[in-house]
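Engineer: Sharing a structure below in C-alpha cells format, with a few things to ask.
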Amino acid sequence: MKATEQTLQQIERAIRKVAEKFPTNDETGILTDIHLRVTQDTGELVAFDDDDKEITRCIIEQWIDNKDDDFYDSVTTVLRSELTKHKKIIEQMAILKPFSFVLEDEDHEHLAELYLVDDDTVIIDQELMAGLDKDLDNFLEDLLKD
C-alpha cells in the first residue's frame, strides 16, 4: 500500500497535534511514551500516553476497511517515515528522554517501535538491517578462507 498525499498530510497533522500537547519549555517533567493505535476497520489513528489518556485522534481515509494482509507492515513503514521526517518537532517535545513512539493494534498489542527519542541512541530501520546476518556470515566465511 502506497500512502497517498492526503494520508501523509493527515499523519503529519496528527504528529503536530501530539507535539502541541507537549510544548517545548524549560521543564521536561513528563515521563511517557506515545502509543499510536491503528484500527484497520475504521482507519482510526489514535495517540495515547502511558496512562491510556488520549492525546489526539484522526481518521486516515485510505486505511478504512483496508483488508491487506501486510496492512500493519505498511502502516509501520509510513509512520516511521513521517516521524523521521518531523524529527525536529518530535525531539523538542517536553517529555523526559528517552521516550518512544510505539505502534499498537486495536487490541492494544505492541506491534513495532516506530521512533526512539534519545540523545545517545538510534534505532536502525529493519529494512536497512535486512540481510545483515547473511552478509556477516559471508564476510566471516571469506575471511576464514584466507
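Going through the C-alpha cells in order, the chains are called A, B, and so on, while each chain numbers its residues from 1 and the ligands are numbered from 1 in the order shown.
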DSSP on the backbone, helix (DSSP H, G or I) only: what residues of chain A does that give? Format it as a PyMOL selection string.

Structural biologist: chain A and resi 5-21+61-63+71-85+87-90+126-129+132-145

Engineer: Can you write out the residues you just picked, keeping C-alpha atoms, as a short mmCIF file (atom, residue, chain, number, x, y, z; two decimals), in the first residue's frame?

Structural biologist:
```
data_model
loop_
_atom_site.label_atom_id
_atom_site.label_comp_id
_atom_site.auth_asym_id
_atom_site.auth_seq_id
_atom_site.Cartn_x
_atom_site.Cartn_y
_atom_site.Cartn_z
CA GLU A 5 -0.62 12.61 -0.26
CA GLN A 6 -3.78 13.01 1.82
CA THR A 7 -2.69 10.16 4.12
CA LEU A 8 0.71 11.77 4.64
CA GLN A 9 -0.91 15.12 5.42
CA GLN A 10 -3.27 13.53 7.94
CA ILE A 11 -0.39 11.76 9.68
CA GLU A 12 1.65 14.97 9.74
CA ARG A 13 -1.30 16.82 11.29
CA ALA A 14 -1.60 14.10 13.97
CA ILE A 15 2.14 14.33 14.76
CA ARG A 16 1.87 18.10 15.09
CA LYS A 17 -1.12 17.76 17.43
CA VAL A 18 0.83 15.36 19.63
CA ALA A 19 3.77 17.78 19.73
CA GLU A 20 1.42 20.66 20.67
CA LYS A 21 0.33 18.71 23.77
CA GLU A 61 -9.42 7.53 4.90
CA GLN A 62 -7.03 5.32 2.92
CA TRP A 63 -6.91 2.88 5.85
CA PHE A 71 -1.54 -3.66 6.49
CA TYR A 72 0.40 -3.16 9.73
CA ASP A 73 3.76 -3.56 7.97
CA SER A 74 2.75 -0.83 5.52
CA VAL A 75 1.47 1.40 8.31
CA THR A 76 4.71 0.88 10.23
CA THR A 77 6.79 1.97 7.26
CA VAL A 78 4.66 5.06 6.59
CA LEU A 79 4.56 6.14 10.25
CA ARG A 80 8.32 5.65 10.68
CA SER A 81 8.97 7.72 7.59
CA GLU A 82 6.69 10.55 8.75
CA LEU A 83 8.10 10.54 12.29
CA THR A 84 11.63 10.68 10.92
CA LYS A 85 10.67 13.49 8.58
CA LYS A 87 12.15 14.60 13.98
CA LYS A 88 12.96 18.24 14.72
CA ILE A 89 9.45 18.82 16.11
CA ILE A 90 9.39 15.49 17.95
CA GLN A 126 14.66 -3.13 9.83
CA GLU A 127 14.77 -2.57 6.07
CA LEU A 128 18.32 -1.30 6.46
CA MET A 129 19.18 -4.36 8.53
CA LEU A 132 22.79 -8.28 7.51
CA ASP A 133 23.15 -11.75 9.06
CA LYS A 134 23.81 -13.28 5.67
CA ASP A 135 26.28 -10.54 4.74
CA LEU A 136 28.16 -11.01 8.00
CA ASP A 137 28.21 -14.81 7.55
CA ASN A 138 29.58 -14.41 4.02
CA PHE A 139 32.18 -11.92 5.24
CA LEU A 140 33.32 -14.26 8.01
CA GLU A 141 33.43 -17.21 5.62
CA ASP A 142 35.57 -15.23 3.13
CA LEU A 143 37.82 -14.04 5.92
CA LEU A 144 38.38 -17.57 7.22
CA LYS A 145 39.21 -18.86 3.71
#
```

Engineer: List every residue of range 30-66 of chain A that DSSP, applied to the backbone of this structure, places in strand (DSSP E or B), and write the result as number ranges by chain.

Structural biologist: A: 30, 34-38, 44-48, 54-59

Engineer: Okay, now the selection with all heavy atoms, as a short mmCIF file (atom, residue, chain, number, x, y, z; two decimals), in the first residue's frame?

Structural biologist:
```cif
data_model
loop_
_atom_site.label_atom_id
_atom_site.label_comp_id
_atom_site.auth_asym_id
_atom_site.auth_seq_id
_atom_site.Cartn_x
_atom_site.Cartn_y
_atom_site.Cartn_z
N ILE A 30 7.52 15.43 32.21
CA ILE A 30 6.58 14.38 31.85
C ILE A 30 7.35 13.12 31.44
O ILE A 30 8.27 13.18 30.64
CB ILE A 30 5.66 14.84 30.71
CG1 ILE A 30 4.84 16.04 31.17
CG2 ILE A 30 4.75 13.72 30.25
CD1 ILE A 30 4.09 16.71 30.05
N ILE A 34 4.64 7.60 23.63
CA ILE A 34 3.47 7.90 22.81
C ILE A 34 3.08 6.61 22.10
O ILE A 34 3.87 6.02 21.36
CB ILE A 34 3.77 9.00 21.77
CG1 ILE A 34 4.35 10.25 22.43
CG2 ILE A 34 2.51 9.32 20.98
CD1 ILE A 34 3.47 10.92 23.44
N HIS A 35 1.85 6.16 22.36
CA HIS A 35 1.34 4.94 21.76
C HIS A 35 0.39 5.32 20.63
O HIS A 35 -0.58 6.04 20.85
CB HIS A 35 0.59 4.10 22.81
CG HIS A 35 1.45 3.77 23.99
ND1 HIS A 35 2.13 2.58 24.07
CD2 HIS A 35 1.76 4.47 25.10
CE1 HIS A 35 2.83 2.55 25.20
NE2 HIS A 35 2.61 3.69 25.84
N LEU A 36 0.69 4.85 19.44
CA LEU A 36 -0.17 5.10 18.28
C LEU A 36 -0.94 3.82 18.00
O LEU A 36 -0.35 2.78 17.72
CB LEU A 36 0.66 5.50 17.07
CG LEU A 36 1.50 6.76 17.23
CD1 LEU A 36 2.33 7.02 15.97
CD2 LEU A 36 0.64 7.97 17.54
N ARG A 37 -2.26 3.91 18.11
CA ARG A 37 -3.12 2.76 17.84
C ARG A 37 -3.82 2.97 16.52
O ARG A 37 -4.44 3.99 16.28
CB ARG A 37 -4.15 2.57 18.96
CG ARG A 37 -3.49 2.15 20.23
CD ARG A 37 -4.45 1.64 21.26
NE ARG A 37 -3.72 1.53 22.52
CZ ARG A 37 -4.13 2.02 23.66
NH1 ARG A 37 -5.29 2.64 23.74
NH2 ARG A 37 -3.40 1.89 24.74
N VAL A 38 -3.73 1.95 15.70
CA VAL A 38 -4.35 2.00 14.38
C VAL A 38 -5.41 0.92 14.33
O VAL A 38 -5.16 -0.23 14.69
CB VAL A 38 -3.30 1.78 13.27
CG1 VAL A 38 -3.96 1.70 11.91
CG2 VAL A 38 -2.26 2.88 13.30
N GLU A 44 -8.90 4.56 12.04
CA GLU A 44 -8.56 5.48 13.12
C GLU A 44 -7.09 5.38 13.50
O GLU A 44 -6.54 4.29 13.62
CB GLU A 44 -9.37 5.16 14.37
CG GLU A 44 -10.58 6.01 14.53
CD GLU A 44 -11.22 5.81 15.89
OE1 GLU A 44 -11.21 4.67 16.41
OE2 GLU A 44 -11.75 6.79 16.41
N LEU A 45 -6.48 6.53 13.70
CA LEU A 45 -5.15 6.65 14.27
C LEU A 45 -5.32 7.46 15.55
O LEU A 45 -5.75 8.61 15.50
CB LEU A 45 -4.20 7.37 13.31
CG LEU A 45 -2.83 7.76 13.84
CD1 LEU A 45 -2.01 6.52 14.23
CD2 LEU A 45 -2.08 8.60 12.82
N VAL A 46 -5.05 6.82 16.69
CA VAL A 46 -5.25 7.46 17.98
C VAL A 46 -3.93 7.44 18.73
O VAL A 46 -3.26 6.41 18.79
CB VAL A 46 -6.33 6.75 18.82
CG1 VAL A 46 -6.61 7.50 20.10
CG2 VAL A 46 -7.61 6.57 18.01
N ALA A 47 -3.55 8.60 19.28
CA ALA A 47 -2.33 8.70 20.09
C ALA A 47 -2.71 8.74 21.56
O ALA A 47 -3.62 9.48 21.95
CB ALA A 47 -1.55 9.95 19.70
N PHE A 48 -2.02 7.91 22.35
CA PHE A 48 -2.24 7.83 23.80
C PHE A 48 -0.92 8.00 24.53
O PHE A 48 0.15 7.72 23.96
CB PHE A 48 -2.80 6.44 24.18
CG PHE A 48 -4.18 6.18 23.73
CD1 PHE A 48 -4.43 5.56 22.52
CD2 PHE A 48 -5.26 6.52 24.52
CE1 PHE A 48 -5.72 5.29 22.09
CE2 PHE A 48 -6.56 6.26 24.11
CZ PHE A 48 -6.78 5.65 22.89
N GLU A 54 -6.03 9.77 25.99
CA GLU A 54 -5.99 10.13 24.58
C GLU A 54 -5.37 11.50 24.38
O GLU A 54 -5.72 12.46 25.06
CB GLU A 54 -7.41 10.11 24.00
CG GLU A 54 -7.43 10.36 22.51
CD GLU A 54 -8.82 10.26 21.92
OE1 GLU A 54 -9.57 9.32 22.28
OE2 GLU A 54 -9.15 11.13 21.11
N ILE A 55 -4.45 11.59 23.44
CA ILE A 55 -3.80 12.85 23.10
C ILE A 55 -4.47 13.45 21.86
O ILE A 55 -4.80 14.62 21.84
CB ILE A 55 -2.29 12.64 22.84
CG1 ILE A 55 -1.63 12.08 24.09
CG2 ILE A 55 -1.64 13.93 22.40
CD1 ILE A 55 -0.22 11.58 23.87
N THR A 56 -4.65 12.65 20.84
CA THR A 56 -5.32 13.10 19.62
C THR A 56 -5.82 11.89 18.85
O THR A 56 -5.40 10.77 19.11
CB THR A 56 -4.39 13.96 18.73
OG1 THR A 56 -5.16 14.57 17.70
CG2 THR A 56 -3.28 13.15 18.12
N ARG A 57 -6.71 12.16 17.91
CA ARG A 57 -7.27 11.09 17.07
C ARG A 57 -7.58 11.67 15.71
O ARG A 57 -7.94 12.83 15.56
CB ARG A 57 -8.46 10.49 17.78
CG ARG A 57 -9.75 10.47 17.09
CD ARG A 57 -10.94 9.94 17.87
NE ARG A 57 -10.71 9.37 19.16
CZ ARG A 57 -10.94 8.09 19.48
NH1 ARG A 57 -11.40 7.25 18.58
NH2 ARG A 57 -10.72 7.64 20.69
N CYS A 58 -7.45 10.83 14.69
CA CYS A 58 -7.85 11.22 13.34
C CYS A 58 -8.23 9.97 12.57
O CYS A 58 -7.95 8.85 12.98
CB CYS A 58 -6.75 12.01 12.64
SG CYS A 58 -5.29 11.05 12.21
N ILE A 59 -8.90 10.18 11.47
CA ILE A 59 -9.28 9.08 10.57
C ILE A 59 -8.43 9.20 9.31
O ILE A 59 -8.39 10.24 8.68
CB ILE A 59 -10.78 9.17 10.18
CG1 ILE A 59 -11.69 9.17 11.40
CG2 ILE A 59 -11.14 8.04 9.21
CD1 ILE A 59 -11.72 7.88 12.17
#
```

Engineer: Check the smallest atom-to-atom distance from each of A:Glu113, A:Asp118, A:Glu104, A:Asp49 to Glu91 in chain A using only C-alpha atoms, then report the winner.

Structural biologist: A:Asp118

Engineer: To one decimal place in Å, what is the distance between CA of Asp70 in chain A and CA of Lys53 in chain A?

Structural biologist: 28.3 Å

Engineer: Rounded to one decimal in Å, what is the spacing between CA of Leu116 in chain A and CA of Phe99 in chain A?

Structural biologist: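 These atoms are spaced 6.0 Å apart.
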